[in-house]
>>> print(open('coords.txt').read())   # compact mmCIF, C-alpha atoms
# COMPACT_ATOMS: atom_id res chain seq x y z
CA MET A 1 35.08 152.61 178.90
CA ASP A 2 32.97 151.84 175.84
CA ASN A 3 35.33 153.87 173.76
CA PHE A 4 38.26 151.92 175.04
CA ASN A 5 36.56 148.59 174.14
CA ASN A 6 35.74 149.87 170.67
CA PHE A 7 39.39 150.84 170.15
CA ASN A 8 40.55 147.33 171.17
CA ASN A 9 38.05 145.71 168.85
CA PHE A 10 39.28 147.95 165.99
CA ASN A 11 42.91 146.92 166.62
CA ASN A 12 41.99 143.23 166.80
CA PHE A 13 40.15 143.55 163.48
CA ASN A 14 43.16 145.19 161.74
CA ASN A 15 45.54 142.59 163.15
CA GLN A 16 43.32 139.79 161.87
CA ASN A 17 43.13 141.36 158.43
CA ASN A 18 46.91 141.76 158.30
CA LEU A 19 47.35 138.11 159.31
CA ASN A 20 44.90 137.00 156.64
CA ASN A 21 46.67 139.14 154.05
CA PHE A 22 50.00 137.69 155.04
CA ASN A 23 48.77 134.12 154.73
CA ALA A 24 47.06 134.83 151.42
CA PRO A 25 49.02 134.12 148.21
CA GLN A 26 51.13 137.14 147.36
CA PRO A 27 51.24 138.43 143.80
CA PRO A 28 54.60 138.28 142.04
CA PRO A 29 56.76 141.38 142.30
CA TYR A 30 56.48 142.06 138.55
CA PRO A 31 53.86 141.29 135.90
CA TYR A 32 54.06 138.37 133.49
CA ASN A 33 52.57 138.83 130.05
CA GLY A 34 50.86 142.04 131.11
CA GLY A 35 49.24 140.66 134.29
CA TYR A 36 49.67 138.44 137.30
CA GLY A 37 49.61 134.73 136.90
CA ALA A 38 51.85 131.77 136.15
CA PRO A 39 55.47 132.76 135.68
CA THR A 40 56.48 133.09 132.02
CA PRO A 41 59.64 134.63 130.51
CA LEU A 42 59.78 138.39 130.14
CA CYS A 43 60.73 137.94 126.44
CA PRO A 44 58.49 135.42 124.71
CA THR A 45 60.09 132.55 122.85
CA PRO A 46 61.14 133.79 119.36
CA PRO A 47 59.36 132.32 116.38
CA TYR A 48 62.65 131.06 114.85
CA PRO A 49 64.42 127.89 115.93
CA PRO A 50 67.38 128.09 118.31
CA LEU A 51 70.84 128.83 116.88
CA ARG A 52 72.86 125.86 115.77
CA GLU A 53 76.58 125.33 115.42
CA PRO A 54 77.70 126.02 111.81
CA THR A 55 79.00 123.07 109.89
CA PRO A 56 82.70 122.82 108.92
CA GLU A 57 81.78 123.61 105.32
CA GLU A 58 79.98 126.77 106.38
CA LYS A 59 82.92 127.84 108.56
CA ARG A 60 85.32 127.29 105.68
CA ALA A 61 83.16 129.27 103.24
CA SER A 62 82.89 132.14 105.74
CA GLN A 63 86.66 132.19 106.28
CA ILE A 64 87.29 132.21 102.53
CA ARG A 65 84.97 135.19 102.07
CA HIS A 66 86.72 136.98 104.92
CA GLU A 67 90.20 136.43 103.49
CA LYS A 68 89.13 137.57 100.03
CA LYS A 69 87.63 140.70 101.55
CA LEU A 70 90.88 141.51 103.36
CA VAL A 71 92.97 141.09 100.21
CA ARG A 72 90.52 143.14 98.14
CA LYS A 73 90.62 145.88 100.77
CA LEU A 74 94.40 145.91 100.65
CA GLY A 75 94.39 146.05 96.84
CA ASN A 76 91.95 148.94 97.00
CA ARG A 77 94.21 150.92 99.34
CA ALA A 78 97.37 150.18 97.36
CA GLY A 79 95.71 151.07 94.06
CA TRP A 80 94.30 154.35 95.30
CA SER A 81 97.63 155.28 96.90
CA VAL A 82 99.57 154.83 93.65
CA PHE A 83 96.77 156.51 91.70
CA ILE A 84 96.87 159.62 93.91
CA VAL A 85 100.68 159.73 93.80
CA ASP A 86 100.71 159.54 90.00
CA ILE A 87 98.06 162.26 89.60
CA LEU A 88 99.82 164.62 91.99
CA MET A 89 103.22 164.07 90.38
CA ASN A 90 101.83 164.71 86.90
CA LEU A 91 100.07 167.88 88.01
CA LEU A 92 103.17 169.21 89.74
CA ALA A 93 105.36 168.25 86.77
CA LEU A 94 102.96 170.02 84.42
CA ALA A 95 103.02 173.16 86.54
CA ILE A 96 106.81 173.14 86.58
CA SER A 97 107.08 172.53 82.83
CA LEU A 98 104.71 175.43 82.09
CA SER A 99 106.88 177.72 84.18
CA TYR A 100 109.91 176.76 82.04
CA MET A 101 108.25 176.93 78.61
CA ALA A 102 110.19 180.02 77.63
CA THR A 103 113.55 178.73 78.81
CA ASP A 104 116.08 176.17 77.62
CA GLU A 105 117.03 174.94 81.09
CA ALA A 106 116.13 171.32 80.37
CA SER A 107 118.48 169.98 83.02
CA PHE A 108 116.94 172.16 85.71
CA LEU A 109 113.49 171.08 84.57
CA GLU A 110 114.38 167.40 84.91
CA LEU A 111 115.95 168.04 88.29
CA GLU A 112 112.78 169.66 89.61
CA ASN A 113 110.61 166.88 88.15
CA SER A 114 112.78 164.33 89.94
CA MET A 115 112.38 166.14 93.22
CA VAL A 116 108.60 166.11 92.69
CA SER A 117 108.80 162.36 92.16
CA LEU A 118 110.89 161.94 95.29
CA VAL A 119 108.43 163.86 97.46
CA GLY A 120 105.40 162.16 95.88
CA MET A 121 106.73 158.64 96.32
CA PHE A 122 107.71 159.23 99.93
CA ALA A 123 104.35 160.83 100.73
CA GLY A 124 102.39 158.07 99.01
CA GLY A 125 104.43 155.28 100.57
CA THR A 126 104.12 156.72 104.06
CA PHE A 127 100.37 157.23 103.59
CA LEU A 128 99.93 153.58 102.56
CA ILE A 129 101.92 152.36 105.55
CA LEU A 130 99.72 154.39 107.89
CA ILE A 131 96.33 153.37 106.47
CA THR A 132 97.27 149.67 106.38
CA ASN A 133 98.60 149.71 109.96
CA THR A 134 101.92 148.34 108.72
CA LYS A 135 104.88 148.76 111.04
CA MET A 136 107.38 151.17 109.54
CA ARG A 137 110.37 149.16 110.72
CA SER A 138 109.08 146.03 108.97
CA ALA A 139 108.28 147.77 105.68
CA VAL A 140 111.29 150.09 105.51
CA THR A 141 114.38 148.49 106.96
CA PHE A 142 118.01 148.74 105.94
CA LYS A 143 119.44 146.08 108.22
CA PRO A 144 120.21 142.85 106.32
CA ALA A 145 118.59 139.68 107.59
CA ARG A 146 121.42 137.51 106.20
CA SER A 147 125.19 137.66 106.02
CA LEU A 148 126.75 140.30 103.80
CA LYS A 149 128.34 137.62 101.63
CA ARG A 150 124.98 136.01 100.82
CA CYS A 151 123.37 139.38 100.21
CA LEU A 152 126.09 140.32 97.71
CA ALA A 153 125.71 136.96 96.01
CA ALA A 154 121.99 137.56 95.58
CA LEU A 155 122.72 141.08 94.32
CA SER A 156 125.05 139.71 91.63
CA ILE A 157 122.25 137.42 90.43
CA GLY A 158 119.97 140.43 90.19
CA LEU A 159 122.56 142.39 88.22
CA ALA A 160 122.88 139.50 85.77
CA ALA A 161 119.10 139.40 85.38
CA ILE A 162 119.03 142.93 83.98
CA PRO A 163 120.17 141.79 80.48
CA LEU A 164 117.35 139.22 80.42
CA CYS A 165 114.83 141.93 81.27
CA ASN A 166 116.28 144.18 78.56
CA LEU A 167 116.13 141.32 76.06
CA PHE A 168 112.46 140.67 76.82
CA SER A 169 111.69 144.39 76.62
CA GLN A 170 113.41 144.58 73.24
CA ILE A 171 111.37 141.64 71.94
CA VAL A 172 108.18 143.41 73.01
CA SER A 173 109.36 146.66 71.40
CA ASP A 174 110.17 144.90 68.10
CA SER A 175 106.80 143.15 68.13
CA LEU A 176 105.00 146.46 68.66
CA SER A 177 106.93 148.07 65.82
CA LEU A 178 105.52 145.44 63.47
CA ILE A 179 102.02 146.82 64.09
CA GLY A 180 103.08 150.46 63.78
CA ILE A 181 103.87 151.32 67.41
CA GLN A 182 107.38 152.69 67.38
CA GLN A 183 109.60 152.92 70.42
CA LYS A 184 109.62 156.35 72.02
CA SER A 185 112.51 158.22 73.54
CA TYR A 186 112.40 159.05 77.24
CA GLY A 187 115.39 161.29 77.71
CA ILE A 188 115.64 164.80 79.04
CA ILE A 189 112.99 167.18 77.68
CA GLY A 190 114.43 169.27 74.92
CA ALA A 191 117.77 167.46 75.07
CA ASP A 192 118.04 166.42 71.41
CA ASN A 193 121.13 168.51 70.74
CA ILE A 194 122.33 169.06 74.28
CA LYS A 195 126.06 169.12 74.92
CA ILE A 196 127.57 166.46 77.15
CA THR A 197 129.00 168.48 80.00
CA PRO A 198 129.92 167.52 83.58
CA PHE A 199 126.75 169.28 84.74
CA TYR A 200 124.64 167.30 82.28
CA ILE A 201 126.23 164.01 83.41
CA ALA A 202 125.72 164.87 87.09
CA VAL A 203 122.06 165.74 86.52
CA GLU A 204 121.47 162.56 84.53
CA ILE A 205 123.02 160.35 87.20
CA LEU A 206 121.11 162.11 89.97
CA CYS A 207 117.71 162.23 88.23
CA THR A 208 117.83 158.93 86.36
CA ALA A 209 119.80 156.67 88.70
CA ILE A 210 119.93 157.97 92.28
CA ILE A 211 116.52 159.57 92.93
CA PRO A 212 114.38 156.84 91.27
CA ALA A 213 116.36 154.12 93.05
CA ILE A 214 115.56 155.71 96.41
CA SER A 215 112.00 156.95 95.90
CA GLU A 216 110.59 154.07 93.83
CA GLU A 217 112.10 151.39 96.04
CA TYR A 218 110.71 153.10 99.12
CA MET A 219 107.25 153.14 97.57
CA PHE A 220 107.10 149.73 95.90
CA ARG A 221 109.56 147.43 97.67
CA GLY A 222 109.08 149.22 100.97
CA ALA A 223 105.51 150.40 101.51
CA ILE A 224 103.58 148.25 99.01
CA LEU A 225 105.57 145.01 99.33
CA GLY A 226 105.80 145.48 103.09
CA SER A 227 102.04 145.85 103.47
CA LEU A 228 101.38 142.82 101.23
CA LYS A 229 104.02 140.54 102.73
CA PRO A 230 101.83 139.16 105.56
CA TYR A 231 99.65 137.59 102.85
CA GLY A 232 102.60 135.76 101.29
CA GLU A 233 106.01 136.79 99.97
CA GLY A 234 105.38 135.54 96.44
CA PHE A 235 102.05 137.33 96.30
CA ALA A 236 103.64 140.54 97.59
CA ILE A 237 106.45 140.41 95.01
CA VAL A 238 104.14 139.86 92.03
CA MET A 239 101.51 142.45 92.97
CA SER A 240 104.04 145.16 93.82
CA SER A 241 105.82 144.45 90.51
CA LEU A 242 102.55 144.73 88.61
CA LEU A 243 101.85 148.15 90.11
CA PHE A 244 105.46 149.15 89.45
CA GLY A 245 105.20 148.17 85.79
CA LEU A 246 101.90 149.95 85.21
CA LEU A 247 103.22 153.16 86.76
CA HIS A 248 105.79 153.56 83.96
CA GLY A 249 102.97 154.18 81.50
CA ASN A 250 104.48 153.11 78.16
CA PHE A 251 104.48 149.88 76.22
CA GLU A 252 108.26 149.48 76.17
CA GLN A 253 108.98 150.08 79.84
CA ILE A 254 106.01 148.21 81.35
CA PRO A 255 107.38 144.70 80.54
CA PHE A 256 110.88 145.61 81.70
CA ALA A 257 109.65 147.28 84.89
CA PHE A 258 107.43 144.31 85.72
CA LEU A 259 110.21 141.74 85.25
CA GLY A 260 112.76 143.98 86.93
CA GLY A 261 110.35 144.49 89.79
CA LEU A 262 110.20 140.73 90.32
CA PHE A 263 113.97 140.62 90.80
CA PHE A 264 113.99 143.77 92.92
CA GLY A 265 111.25 142.30 95.09
CA TYR A 266 112.99 138.97 95.53
CA ILE A 267 116.25 140.67 96.49
CA ARG A 268 114.28 142.72 99.05
CA VAL A 269 112.63 139.62 100.54
CA TYR A 270 115.75 137.47 100.55
CA THR A 271 118.13 140.07 102.01
CA GLY A 272 115.50 141.64 104.28
CA SER A 273 116.87 145.10 103.45
CA LEU A 274 115.92 147.92 101.08
CA ILE A 275 119.58 148.75 100.49
CA PHE A 276 120.17 145.92 98.01
CA PRO A 277 117.16 146.50 95.72
CA MET A 278 118.12 150.19 95.76
CA ILE A 279 121.64 149.26 94.63
CA LEU A 280 120.22 146.98 91.94
CA HIS A 281 117.82 149.69 90.75
CA PHE A 282 120.60 152.28 90.73
CA SER A 283 122.95 150.00 88.79
CA ASN A 284 120.35 149.29 86.13
CA ASN A 285 119.54 152.97 85.59
CA LEU A 286 123.19 153.97 85.74
CA LEU A 287 123.95 151.54 82.94
CA ALA A 288 121.26 153.23 80.84
CA VAL A 289 122.82 156.65 81.52
CA VAL A 290 126.30 155.43 80.58
CA MET A 291 125.00 153.88 77.36
CA ASP A 292 123.21 157.12 76.38
CA ILE A 293 126.34 159.17 77.00
CA LEU A 294 128.49 156.74 75.04
CA GLU A 295 126.01 156.75 72.16
CA ASN A 296 126.23 160.55 71.96
CA THR A 297 129.99 160.83 72.34
CA CYS A 298 131.49 157.73 70.72
CA GLY A 299 128.65 155.85 69.12
CA GLY A 300 130.40 155.32 65.79
CA PHE A 301 132.17 152.15 64.70
CA ILE A 302 135.73 151.56 65.84
CA PRO A 303 138.02 151.97 62.78
CA GLY A 304 138.40 148.72 60.90
CA THR A 305 135.53 147.01 62.75
CA LYS A 306 131.76 146.98 62.96
CA ILE A 307 131.83 147.28 66.76
CA THR A 308 131.05 150.38 68.77
CA VAL A 309 132.30 151.39 72.21
CA PRO A 310 128.83 150.88 73.74
CA ASP A 311 128.86 147.33 72.35
CA ILE A 312 132.13 146.61 74.14
CA VAL A 313 130.83 148.04 77.43
CA VAL A 314 127.67 145.93 77.24
CA LEU A 315 129.69 142.81 76.39
CA ILE A 316 132.01 143.33 79.36
CA TYR A 317 129.10 144.00 81.71
CA TYR A 318 127.17 140.93 80.62
CA THR A 319 130.21 138.65 80.73
CA VAL A 320 131.32 139.73 84.21
CA PHE A 321 127.95 139.63 85.92
CA LEU A 322 126.67 136.51 84.20
CA THR A 323 129.78 134.69 85.38
CA LEU A 324 129.37 135.99 88.92
CA ALA A 325 125.68 135.12 88.86
CA VAL A 326 126.29 131.50 87.90
CA ILE A 327 128.83 131.08 90.70
CA ALA A 328 126.57 132.78 93.23
CA PHE A 329 123.55 130.73 92.20
CA VAL A 330 125.38 127.44 92.62
CA LYS A 331 126.81 128.35 96.02
CA LEU A 332 123.54 129.72 97.40
CA SER A 333 121.63 126.68 96.18
CA ARG A 334 124.02 124.38 98.05
CA ARG A 335 124.54 126.33 101.24
CA ASP A 336 121.25 128.12 101.87
CA LYS A 337 118.14 125.98 102.19
CA ASP A 338 115.96 129.12 102.15
CA PHE A 339 117.32 130.27 98.81
CA LEU A 340 114.46 130.49 96.25
CA ARG A 341 111.99 129.58 99.00
CA LEU A 342 109.22 132.05 99.73
CA SER A 343 107.08 131.92 102.84
CA ARG A 344 103.33 131.50 102.49
CA PRO A 345 101.04 131.94 105.49
CA GLN A 346 98.32 129.44 106.25
CA SER A 347 95.34 130.45 104.17
CA LEU A 348 92.21 128.90 102.71
CA ILE A 349 92.50 130.84 99.45
CA SER A 350 95.04 130.05 96.76
CA GLU A 351 97.58 132.47 95.29
CA LYS A 352 95.38 132.77 92.20
CA GLN A 353 92.37 133.75 94.33
CA LYS A 354 94.50 136.29 96.19
CA ALA A 355 95.71 137.86 92.96
CA LEU A 356 92.18 137.99 91.54
CA SER A 357 90.78 139.58 94.71
CA PHE A 358 93.58 142.16 94.63
CA ILE A 359 93.10 143.01 90.95
CA ILE A 360 89.31 143.39 91.03
CA SER A 361 89.44 145.96 93.83
CA PRO A 362 88.13 149.39 92.74
CA GLY A 363 91.38 151.19 93.53
CA PHE A 364 93.49 148.85 91.41
CA ILE A 365 91.02 148.93 88.52
CA VAL A 366 90.90 152.74 88.46
CA PHE A 367 94.70 152.99 88.55
CA ALA A 368 95.21 150.36 85.82
CA VAL A 369 92.60 151.93 83.51
CA LEU A 370 94.13 155.37 84.01
CA MET A 371 97.62 154.17 83.15
CA MET A 372 96.42 152.30 80.06
CA LEU A 373 94.56 155.38 78.84
CA MET A 374 97.57 157.60 79.44
CA THR A 375 99.81 155.11 77.64
CA ALA A 376 97.50 154.92 74.64
CA PHE A 377 97.15 158.72 74.56
CA GLN A 378 100.92 159.16 74.31
CA TYR A 379 101.04 157.08 71.14
CA ILE A 380 97.93 158.65 69.61
CA VAL A 381 99.14 162.24 69.93
CA SER A 382 102.75 161.45 68.96
>>> encode(input="coords.txt", output="C-alpha cells")
Amino acid sequence: MDNFNNFNNFNNFNNQNNLNNFNAPQPPPYPYNGGYGAPTPLCPTPPYPPLREPTPEEKRASQIRHEKKLVRKLGNRAGWSVFIVDILMNLLALAISLSYMATDEASFLELENSMVSLVGMFAGGTFLILITNTKMRSAVTFKPARSLKRCLAALSIGLAAIPLCNLFSQIVSDSLSLIGIQQKSYGIIGADNIKITPFYIAVEILCTAIIPAISEEYMFRGAILGSLKPYGEGFAIVMSSLLFGLLHGNFEQIPFAFLGGLFFGYIRVYTGSLIFPMILHFSNNLLAVVMDILENTCGGFIPGTKITVPDIVVLIYYTVFLTLAVIAFVKLSRRDKDFLRLSRPQSLISEKQKALSFIISPGFIVFAVLMMLMTAFQYIVS
C-alpha cells in the first residue's frame, strides 16, 4: 500500500514538472548569433549600404561598354579566321610549288593553288559562321530579295564602277612608282613566254575569274559580311571590304580590292543574294584575263593608228556599262525608296566607335600586321 502511494506521488510530481515546463518560455528552435535570445537575422547586416538603382548615365555607360565589347569580339573572330585561312593557303601553296620546282607545268601549278584557295576560303568562312552563331541561310543565300529587274540594274551600276576602281588603283600605282616602288606582275608563275593555247585560256578563266568569284565572295560577302550585318549594313560592308583589301597583300591591289569590295558588298546587301556579287567579281576578273590575252596576242598598234585592240575593247566596255549605269541609277533612285539606304540597328555607339572597336581587336591587328609585313617583304626581296 505504501508502495502504491509512493508511485502515485512520483507520477504527480512528473506531471507537475511537465506542466511547469510547458508553461515556461520555450527556447527558439534554432540559435541566434550563437545562442538563445532575441531574434536576429541569421546573416548579419552587411557593412555596405543597400544597393541602389543605377542612374540613367550609368546605364548608358554600361550599355556602351557592352556594345563595344561585342563588336571587338566579332572583330577578333573575323581577324583570326582570315589570318588562319591565309597562313594555311600559303603553306599549302608553298608545298605544292616545291613539288613542281623541277617541272614547267605552270598551268597545273596555278590550278592546284586555286583549288587550295577554294578549300581554304570555304573552310574559313564556314568556321566563322559557326563560331559567331550566324545562321547559314542568312549569311549564304542565293535567293534575291528584290525583283530580277532591280537586281540587274544594281549589277550594271557595279560593272560601271569597275573602271573607277581601276582608275584609283592606277593613280596609287603611279604615285608609288615616284618613290621607287614599281608595279609587280601577278600572272601565272613561270608564264613569261607561255603560248596562248585553249588550255591556257581555260585555266586562266577558271583560276582567275571563276574560282575567286565563288570562294572569295563566300568568305567575305557571305560569312564575314553576314556575321557583321546585325551591327549595321554600312559597318558590315566597310569592315568586310577592309579585310578583303588587306588579304591581297600588295600595294597595287589593296586599294582596288577595298573599293571593289565596297561595291560588291553593297550589291550583296541590296539584292540580298550572293549570286550578283559573284557575277560582278567574275566579270571584273574576266576582263583582266581578256586584256592580258589581248596584250599577248594583238597588243601592237593598229596599222595607221596609235590605238591597240585592247584599247578598243576597254573603250567599248566602259561606254556600254557607263551608259547602262546612268540609266539604272536614275530609275532606281526614282522607283525604289530603299535604294542607297542602309539599315542601322538602334545602338548607343556610333559607326566610328564600331569601326575603332573592330580594328583594335587582337585578331584584326595580328592579321593586318602580317599582311603589311608580307607586302613589304615582297618589294624588298624583288
>>> atom_distance(input="coords.txt", atom1="atom CA of Ser175 of chain A", atom2="atom CA of Leu242 of chain A")
21.0 Å
>>> closest_residue(input="coords.txt", among="A:Asn285, A:Thr375, A:Gln170, A:Asn76", to="Thr208 of chain A", atoms="only C-alpha atoms")
A:Asn285
>>> residues_around(input="coords.txt", residues="segment 331-341 of chain A", least_positions_apart="3", cutoff="8 Å", atoms="all atoms listed in the file", output="PDB file with C-alpha atoms, in the coordinates of the input")
ATOM      1  CA  ARG A 150     124.980 136.010 100.820  1.00  0.00           C
ATOM      2  CA  ALA A 153     125.710 136.960  96.010  1.00  0.00           C
ATOM      3  CA  TYR A 270     115.750 137.470 100.550  1.00  0.00           C
ATOM      4  CA  ILE A 327     128.830 131.080  90.700  1.00  0.00           C
ATOM      5  CA  ALA A 328     126.570 132.780  93.230  1.00  0.00           C
TER       6      ALA A 328
END
>>> atom_distance(input="coords.txt", atom1="atom CA of Met219 of chain A", atom2="atom CA of Gly124 of chain A")
7.1 Å
>>> atom_distance(input="coords.txt", atom1="atom CA of Arg65 of chain A", atom2="atom CA of Phe358 of chain A")
13.3 Å
>>> residues_near_point(input="coords.txt", point="(116.4, 141.8, 106.7)", cutoff="6 Å", atoms="all atoms listed in the file", output="PDB file with C-alpha atoms, in the coordinates of the input")
ATOM      1  CA  LYS A 143     119.440 146.080 108.220  1.00  0.00           C
ATOM      2  CA  PRO A 144     120.210 142.850 106.320  1.00  0.00           C
ATOM      3  CA  ALA A 145     118.590 139.680 107.590  1.00  0.00           C
ATOM      4  CA  THR A 271     118.130 140.070 102.010  1.00  0.00           C
ATOM      5  CA  GLY A 272     115.500 141.640 104.280  1.00  0.00           C
ATOM      6  CA  SER A 273     116.870 145.100 103.450  1.00  0.00           C
TER       7      SER A 273
END
>>> closest_atom_pairs(input="coords.txt", of="segment 127-183 of chain A", to="segment 252-255 of chain A", cutoff="9 Å", atoms="only C-alpha atoms", output="Markdown table")
| residue | atom | partner | partner_atom | distance |
| --- | --- | --- | --- | --- |
| A:Cys165 | CA | A:Pro255 | CA | 8.0 |
| A:Phe168 | CA | A:Pro255 | CA | 7.5 |
| A:Ser169 | CA | A:Pro255 | CA | 5.8 |
| A:Gln170 | CA | A:Glu252 | CA | 7.7 |
| A:Val172 | CA | A:Glu252 | CA | 6.8 |
| A:Ser173 | CA | A:Glu252 | CA | 5.6 |
| A:Leu176 | CA | A:Glu252 | CA | 8.7 |
| A:Gln183 | CA | A:Glu252 | CA | 6.8 |
>>> closest_residue(input="coords.txt", among="A:Phe244, A:Phe256, A:Phe220, A:Phe83", to="Leu167 of chain A", atoms="only C-alpha atoms")
A:Phe256
>>> residues_around(input="coords.txt", residues="Glu112 of chain A", least_positions_apart="4", cutoff="9 Å", atoms="all atoms listed in the file", output="PyMOL selection string")
chain A and resi 93+96+107-108+116-117
>>> closest_residue(input="coords.txt", among="A:Val269, A:Leu286, A:Ala213, A:Thr297", to="Lys195 of chain A", atoms="all atoms listed in the file")
A:Thr297
>>> closest_residue(input="coords.txt", among="A:Ser81, A:Ser350, A:Thr197, A:Ser215", to="Met121 of chain A", atoms="only C-alpha atoms")
A:Ser215
>>> closest_residue(input="coords.txt", among="A:Leu243, A:Leu348, A:Ala368, A:Ala325", to="Ala154 of chain A", atoms="all atoms listed in the file")
A:Ala325
